[in-house]
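Notes to accompany the following structure.
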Amino acid sequence: MVSSIVVQYTGLLRTSAHDLWSRLRELLKIQGLDPHRTIVVDLLQGGLDHEDGQVIYEDGRVYRFTLFYDQVAEHGARNAYLRHWTDITDTWQNGSLATRTADALAWMSRSTESS
């Protein structure tokens, strides 16, 4: 069963007008990913100035990244930027999000089959 976090965050990525999600859509496009074909496995505050994230693209590739922005400023997320963009397709099974990633991949597969 897919985590509610995956469903919620993927929905926010695709539809939210909030600065953080709008900016993340822009940044994913720069990386060559269509946000409407991307699943968000997690986006978790990793410190006062960043969030650690993981996404899956429709082709099954899995990416980990850090999203930096001024979390205190009212519109700090508008200037967010990515660091540590890493393709972990071959190694995600060893990470702390392995179960959630596997469930998200299965959910993505089912969604594709029913389309």
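If you're wondering about the labels, chains in the structure tokens are A, B, ... by order shown, residues count from 1 in each chain, ligands from 1 in order shown.
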
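Summary of the local environment: counting only C-alpha atoms, residues at most 7 Å from Phe65 of chain A, other than itself and those fewer than 2 positions away along its chain, are Asp52, Gly53, Gln54, Tyr63, Leu67, Leu82, Arg83, His84, Trp85 and Thr86 of chain A.
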
Practice prompt. Considering only C-alpha atoms, return as JSON, numbers by chain whatever protein or nucleic-acid residues lie within 10 Å of segment 28-33 of chain A, sequence-local ones (same chain, fewer than 3 positions apart) excluded.
Written response: {"A": [23, 24, 25, 36, 37, 38, 55, 56, 57, 58, 82, 85]}

Item to complete: Identify which of the residues A:Leu48, A:Thr89, A:Ala98, A:Ile39 lies closest to Asp70 of chain A, counting only C-alpha atoms when measuring atom-to-atom distances.
Response: A:Leu48

Fill in: All strand (DSSP E or B) positions in chain A, as an MDAnalysis selection string
chainID A and resid 38:45 50:57 62:68 81:87

Discussion item. According to DSSP computed on the backbone, where in chain A is there alpha helix (DSSP H)? Give the residues as a VMD selection string.
Written reply: chain A and resid 4 to 15 19 to 30 98 to 114

Fill in: Within 10 Å of Ala102 of chain A using only C-alpha atoms, minus same-chain residues under 2 positions, as a ChimeraX atom specification
/A:1-2,41,92-93,97-100,104-108

Considering only C-alpha atoms, return as a PDB file with N, CA and C atoms, in the first residue's frame whatever protein or nucleic-acid residues lie within 10 Å of Leu20 of chain A, sequence-local ones (same chain, fewer than 3 positions apart) excluded.
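Contents of part38.pdb, freshly written:
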```pdb
ATOM      1  N   LEU A  12       0.406  17.619  -4.377  1.00  0.00           N
ATOM      2  CA  LEU A  12       0.864  18.994  -4.171  1.00  0.00           C
ATOM      3  C   LEU A  12       1.841  19.412  -5.266  1.00  0.00           C
ATOM      4  N   LEU A  13       2.749  18.513  -5.628  1.00  0.00           N
ATOM      5  CA  LEU A  13       3.699  18.825  -6.697  1.00  0.00           C
ATOM      6  C   LEU A  13       2.955  19.193  -7.973  1.00  0.00           C
ATOM      7  N   SER A  16      -0.349  22.353  -6.469  1.00  0.00           N
ATOM      8  CA  SER A  16      -0.287  23.426  -5.472  1.00  0.00           C
ATOM      9  C   SER A  16       0.294  24.719  -6.030  1.00  0.00           C
ATOM     10  N   ALA A  17      -0.323  25.827  -5.639  1.00  0.00           N
ATOM     11  CA  ALA A  17       0.173  27.146  -6.018  1.00  0.00           C
ATOM     12  C   ALA A  17       1.171  27.688  -4.983  1.00  0.00           C
ATOM     13  N   ARG A  23       8.025  26.248  -7.193  1.00  0.00           N
ATOM     14  CA  ARG A  23       9.465  26.300  -7.476  1.00  0.00           C
ATOM     15  C   ARG A  23      10.027  24.899  -7.724  1.00  0.00           C
ATOM     16  N   LEU A  24       9.577  23.911  -6.967  1.00  0.00           N
ATOM     17  CA  LEU A  24      10.057  22.554  -7.186  1.00  0.00           C
ATOM     18  C   LEU A  24       9.667  22.073  -8.588  1.00  0.00           C
ATOM     19  N   ARG A  25       8.475  22.427  -9.061  1.00  0.00           N
ATOM     20  CA  ARG A  25       8.088  22.066 -10.436  1.00  0.00           C
ATOM     21  C   ARG A  25       9.071  22.649 -11.440  1.00  0.00           C
ATOM     22  N   LEU A  67      16.921  20.443  -1.398  1.00  0.00           N
ATOM     23  CA  LEU A  67      16.293  21.691  -1.832  1.00  0.00           C
ATOM     24  C   LEU A  67      16.605  22.757  -0.787  1.00  0.00           C
ATOM     25  N   TYR A  69      16.542  26.704   0.571  1.00  0.00           N
ATOM     26  CA  TYR A  69      15.823  27.979   0.479  1.00  0.00           C
ATOM     27  C   TYR A  69      15.727  28.609   1.863  1.00  0.00           C
ATOM     28  N   GLN A  71      13.810  29.439   4.701  1.00  0.00           N
ATOM     29  CA  GLN A  71      12.540  29.001   5.251  1.00  0.00           C
ATOM     30  C   GLN A  71      11.894  30.047   6.155  1.00  0.00           C
ATOM     31  N   HIS A  75       8.597  34.686   1.277  1.00  0.00           N
ATOM     32  CA  HIS A  75       8.600  34.062  -0.045  1.00  0.00           C
ATOM     33  C   HIS A  75       9.965  33.442  -0.356  1.00  0.00           C
ATOM     34  N   GLY A  76      10.603  32.910   0.666  1.00  0.00           N
ATOM     35  CA  GLY A  76      11.941  32.341   0.517  1.00  0.00           C
ATOM     36  C   GLY A  76      12.020  31.195  -0.471  1.00  0.00           C
ATOM     37  N   ALA A  77      10.937  30.447  -0.615  1.00  0.00           N
ATOM     38  CA  ALA A  77      10.954  29.285  -1.501  1.00  0.00           C
ATOM     39  C   ALA A  77      11.000  29.678  -2.974  1.00  0.00           C
ATOM     40  N   ARG A  78      10.649  30.910  -3.285  1.00  0.00           N
ATOM     41  CA  ARG A  78      10.682  31.350  -4.689  1.00  0.00           C
ATOM     42  C   ARG A  78      12.077  31.286  -5.281  1.00  0.00           C
ATOM     43  N   ASN A  79      13.087  31.362  -4.425  1.00  0.00           N
ATOM     44  CA  ASN A  79      14.477  31.328  -4.882  1.00  0.00           C
ATOM     45  C   ASN A  79      15.170  30.019  -4.518  1.00  0.00           C
ATOM     46  N   ALA A  80      14.398  29.001  -4.261  1.00  0.00           N
ATOM     47  CA  ALA A  80      14.969  27.706  -3.893  1.00  0.00           C
ATOM     48  C   ALA A  80      15.841  27.179  -5.023  1.00  0.00           C
TER      49      ALA A  80
END
```

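For the residues A:Asp90, A:Asp34, A:Asp49, A:Glu74, ranking by smallest atom-to-atom distance to Arg14 of chain A using only C-alpha atoms places A:Asp34 first.
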